[in-house]
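Asker: Mind looking over this structure? Questions follow.
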Amino acid sequence: MNPTAKRFLSTLRVLHHDNPLGLPHRGEPPMIPRRGLPPRRGIPHVKKVVAVASVNLAFSLAARERVRVGVLDLDIFGPSIPKLLGLESAGEPHLTSTGALIPLTNHGLLTMSIGFLFPNADAPVTWRGLMVQKAVQQLLFDVDWRGADPHGPGLDVLVIDMPPGTGDVPLSLGQLVNVHGAVIVSTPQDVALADVRKGIAAFQRLSIPIIGLVLNQSYFICPSCSTPHHLFGSSDASKGLGIKLLGELPLAPGVSSGGDAGLPYALLDSCSKTDGVAGQQWQEAMLGVTKEVWEVLHPEYVSS
């Protein structure tokens, strides 16, 4: 068994909520006090932080804007990034000389996930709140985003893949880190948008700027007639949320099959050939979302 997995498993046995990832001691990261809020700080070697549940947005940012982008998977209980990026069998992450985790890389994207520390992909995480909070802190502040080069430039943008809900993970992120924007991803159903309202309220309470909403699986395009069909409800239901609608992504079979194969859809130049009009409209909508996000993060680059 590899050393990182051994540390991880020994941590599970004794339930040390001080150091759930079993990393070498590097000094105390910022703690959430019992009363009041701690001062927020930046993530080392990262210029901008975006909270969103979309790996494809990270690739689209990297491709369109030619910037250094990384992905941090903060879904502690159901990490999906190793699968989506084809890194399920990549092995444990290495450590720097000071004990920080070195991100893994695939498709030119630096990434870190708690899933890389599990002995197998089906291993469950059965942690209580304190351990979850501490694991989030370690993933935020004990990863060296310069990669294997200790003199590297770091990241222009870190895309944080968020778990669903408004529990420990988004609360810890919002209280500890300078988050420059949040993109909310949802399907158009009323029941899903009800949860979106809670997410919006949570981000607003944490003073995290909301860039806007992306509607996923917004419509289906009939192959024979090229007519969009709104299977799960129209975008009209989202108008009362009080945030900008950044884009609507249609149903495209390649999104699912690409994710299962570890090849994000935003990387596929030929998606319009395999998914037809739906693939083309998906790419166009994602490029529009990327442009909106980039202009919020870097308004100084927007031409007048």
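We label chains A, B, ... in the order they appear in the structure tokens, count residues from 1 in each chain, and number ligands from 1 in the order shown.
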Give me the residues within 8 Å of Leu231 in chain A as a short mmCIF file (atom, residue, chain, number, x, y, z; two decimals) with N, CA and C atoms, in the first residue's frame, counting only C-alpha atoms and dropping any in the same chain fewer than 5 places off.
Answerer:
```
data_model
loop_
_atom_site.label_atom_id
_atom_site.label_comp_id
_atom_site.auth_asym_id
_atom_site.auth_seq_id
_atom_site.Cartn_x
_atom_site.Cartn_y
_atom_site.Cartn_z
N SER A 218 -30.85 21.87 -20.64
CA SER A 218 -31.95 22.82 -20.73
C SER A 218 -32.99 22.40 -21.75
N TYR A 219 -32.54 21.75 -22.84
CA TYR A 219 -33.49 21.32 -23.86
C TYR A 219 -32.89 20.20 -24.68
N PHE A 220 -33.75 19.52 -25.40
CA PHE A 220 -33.37 18.41 -26.28
C PHE A 220 -33.68 18.81 -27.72
#
```
Asker: Excluding range 108-122 of chain A and its own-chain neighbours fewer than 3 positions away, which residues fall within 6 Å of it when counting only C-alpha atoms? Please give them as an mmCIF file with N, CA and C atoms, in the first residue's frame.
Answerer:
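Done, and the output landed in part.cif:
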```
data_model
loop_
_atom_site.group_PDB
_atom_site.id
_atom_site.type_symbol
_atom_site.label_atom_id
_atom_site.label_comp_id
_atom_site.auth_asym_id
_atom_site.auth_seq_id
_atom_site.Cartn_x
_atom_site.Cartn_y
_atom_site.Cartn_z
ATOM 1 N N ALA A 5 -1.768 6.553 1.134
ATOM 2 C CA ALA A 5 -2.955 5.774 1.501
ATOM 3 C C ALA A 5 -2.835 5.243 2.923
ATOM 4 N N GLY A 70 -6.596 25.462 -12.985
ATOM 5 C CA GLY A 70 -6.594 24.224 -12.222
ATOM 6 C C GLY A 70 -7.981 23.933 -11.691
ATOM 7 N N VAL A 71 -8.207 22.688 -11.288
ATOM 8 C CA VAL A 71 -9.498 22.269 -10.736
ATOM 9 C C VAL A 71 -9.269 21.632 -9.368
ATOM 10 N N LEU A 72 -9.999 22.112 -8.383
ATOM 11 C CA LEU A 72 -9.972 21.526 -7.043
ATOM 12 C C LEU A 72 -11.328 20.904 -6.767
ATOM 13 N N ASP A 73 -11.346 19.610 -6.517
ATOM 14 C CA ASP A 73 -12.570 18.871 -6.218
ATOM 15 C C ASP A 73 -12.822 18.933 -4.712
ATOM 16 N N PRO A 79 -16.344 12.420 -4.568
ATOM 17 C CA PRO A 79 -15.455 13.065 -5.543
ATOM 18 C C PRO A 79 -15.579 12.440 -6.923
ATOM 19 N N GLU A 92 -1.169 7.878 -6.157
ATOM 20 C CA GLU A 92 -1.220 8.936 -5.157
ATOM 21 C C GLU A 92 -0.466 10.179 -5.629
ATOM 22 N N PRO A 103 -0.422 18.670 -7.376
ATOM 23 C CA PRO A 103 -1.586 18.266 -8.174
ATOM 24 C C PRO A 103 -1.208 17.283 -9.275
ATOM 25 N N LEU A 104 -2.162 16.443 -9.631
ATOM 26 C CA LEU A 104 -1.997 15.570 -10.779
ATOM 27 C C LEU A 104 -2.409 16.342 -12.035
ATOM 28 N N THR A 105 -1.970 15.854 -13.183
ATOM 29 C CA THR A 105 -2.236 16.562 -14.432
ATOM 30 C C THR A 105 -2.752 15.602 -15.492
#
```
Asker: CA of His230 in chain A and CA of Gly276 in chain A, how far apart in Å?
Answerer: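 Distance between the two atoms: 17.7 Å.
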Asker: Go through A:Ser172, A:Thr96, A:Asn106, A:Asn178 and flag the residue nearest Lys48 in chain A, using only C-alpha atoms for the distances.
Answerer: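 For Lys48 in chain A, the nearest of the candidates is A:Asn178.
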Asker: Could you check how far CA of Ile184 in chain A sits from CA of Leu213 in chain A, in Å to one decimal?
Answerer: 4.8 Å
Asker: Got a sec: who's within 6 Å of Gly212 in chain A, counting only C-alpha atoms, leaving out chain neighbours fewer than 4 positions off, as a list in words?
Answerer: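 Neighbouring residues, sequence-local ones excluded: Val183, Ile243, Lys244, Leu245 and Leu246 of chain A.
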Asker: For Gly259 in chain A, work out the shell of residues within 10 Å, counting only C-alpha atoms and skipping chain neighbours fewer than 3 positions away, then give it as a count of residues only.
Answerer: 15
Asker: Identify, with DSSP run on backbone atoms, the residues in range 30-146 of chain A assigned to helix (DSSP H, G or I), and express the list as a VMD selection string.
Answerer: chain A and resid 55 to 65 81 to 84 114 to 117 129 to 141
Asker: Any idea what the distance is between CA of Gly247 in chain A and CA of Phe232 in chain A?
Answerer: 15.7 Å
Asker: Would you mind telling me which residue in A:Thr126, A:Ser54, A:Gln138, A:Thr98 lies nearest to Asp18 in chain A when using only C-alpha atoms?
Answerer: A:Gln138
Asker: Report as a list of chain:residue names all protein, DNA and RNA residues lying within 7 Å of Asn216 in chain A, evaluated on only C-alpha atoms, omitting residues in the same chain fewer than 5 positions from it.
Answerer: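 Listed by chain and then number, they are A:Val185, A:Ser186, A:Thr187, A:Glu248, A:Leu249, A:Pro250.
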Asker: Would you mind exporting N, CA and C atoms of the selected residues as a CSV table (one decimal), in the first residue's frame?
Answerer:
```
chain,number,residue,atom,x,y,z
A,185,VAL,N,-24.9,26.1,-11.3
A,185,VAL,CA,-25.3,25.2,-12.4
A,185,VAL,C,-26.5,24.4,-11.9
A,186,SER,N,-27.6,24.4,-12.7
A,186,SER,CA,-28.8,23.7,-12.3
A,186,SER,C,-29.5,23.2,-13.6
A,187,THR,N,-30.4,22.3,-13.4
A,187,THR,CA,-31.4,21.9,-14.5
A,187,THR,C,-32.6,22.8,-14.3
A,248,GLU,N,-27.6,28.4,-21.7
A,248,GLU,CA,-28.4,27.2,-21.6
A,248,GLU,C,-27.7,26.1,-22.4
A,249,LEU,N,-27.4,25.0,-21.8
A,249,LEU,CA,-26.7,23.9,-22.4
A,249,LEU,C,-27.7,22.8,-22.8
A,250,PRO,N,-27.8,22.4,-24.1
A,250,PRO,CA,-28.7,21.4,-24.5
A,250,PRO,C,-28.2,20.0,-24.1
```
Asker: When distances are computed from only C-alpha atoms, which of A:Val46, A:Ala252, A:Asp144, A:Leu241 shows the smallest separation from Trp282 in chain A?
Answerer: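 Residue with the minimum atom-to-atom distance to Trp282 in chain A: A:Ala252.
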Asker: Considering only C-alpha atoms, return as a list in words whatever protein or nucleic-acid residues lie within 12 Å of Arg205 in chain A, sequence-local ones (same chain, fewer than 6 positions apart) excluded.
Answerer: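 Near neighbours after the sequence-gap exclusion: Thr166, Pro170, Leu171, Gly174, Gln175, Lys198 and Gly199 of chain A.
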Asker: Could you save those same residues with N, CA, C and O atoms as a short mmCIF file (atom, residue, chain, number, x, y, z; two decimals), in the first residue's frame?
Answerer:
```
data_model
loop_
_atom_site.label_atom_id
_atom_site.label_comp_id
_atom_site.auth_asym_id
_atom_site.auth_seq_id
_atom_site.Cartn_x
_atom_site.Cartn_y
_atom_site.Cartn_z
N THR A 166 -25.73 23.21 0.92
CA THR A 166 -25.20 24.42 1.58
C THR A 166 -24.62 24.06 2.94
O THR A 166 -24.82 24.78 3.92
N PRO A 170 -19.25 24.45 1.38
CA PRO A 170 -19.35 25.85 0.92
C PRO A 170 -19.19 26.85 2.05
O PRO A 170 -18.66 27.95 1.83
N LEU A 171 -19.62 26.49 3.25
CA LEU A 171 -19.47 27.40 4.39
C LEU A 171 -17.99 27.61 4.70
O LEU A 171 -17.54 28.74 4.90
N GLY A 174 -16.38 29.71 1.86
CA GLY A 174 -16.77 31.11 1.89
C GLY A 174 -16.18 31.88 3.06
O GLY A 174 -15.95 33.08 2.96
N GLN A 175 -15.92 31.20 4.18
CA GLN A 175 -15.38 31.88 5.35
C GLN A 175 -13.86 31.99 5.34
O GLN A 175 -13.30 32.85 5.99
N LYS A 198 -31.72 28.54 -2.43
CA LYS A 198 -31.00 28.39 -1.16
C LYS A 198 -29.51 28.63 -1.36
O LYS A 198 -28.85 29.25 -0.52
N GLY A 199 -28.98 28.13 -2.47
CA GLY A 199 -27.57 28.36 -2.76
C GLY A 199 -27.27 29.83 -2.96
O GLY A 199 -26.24 30.33 -2.49
#
```
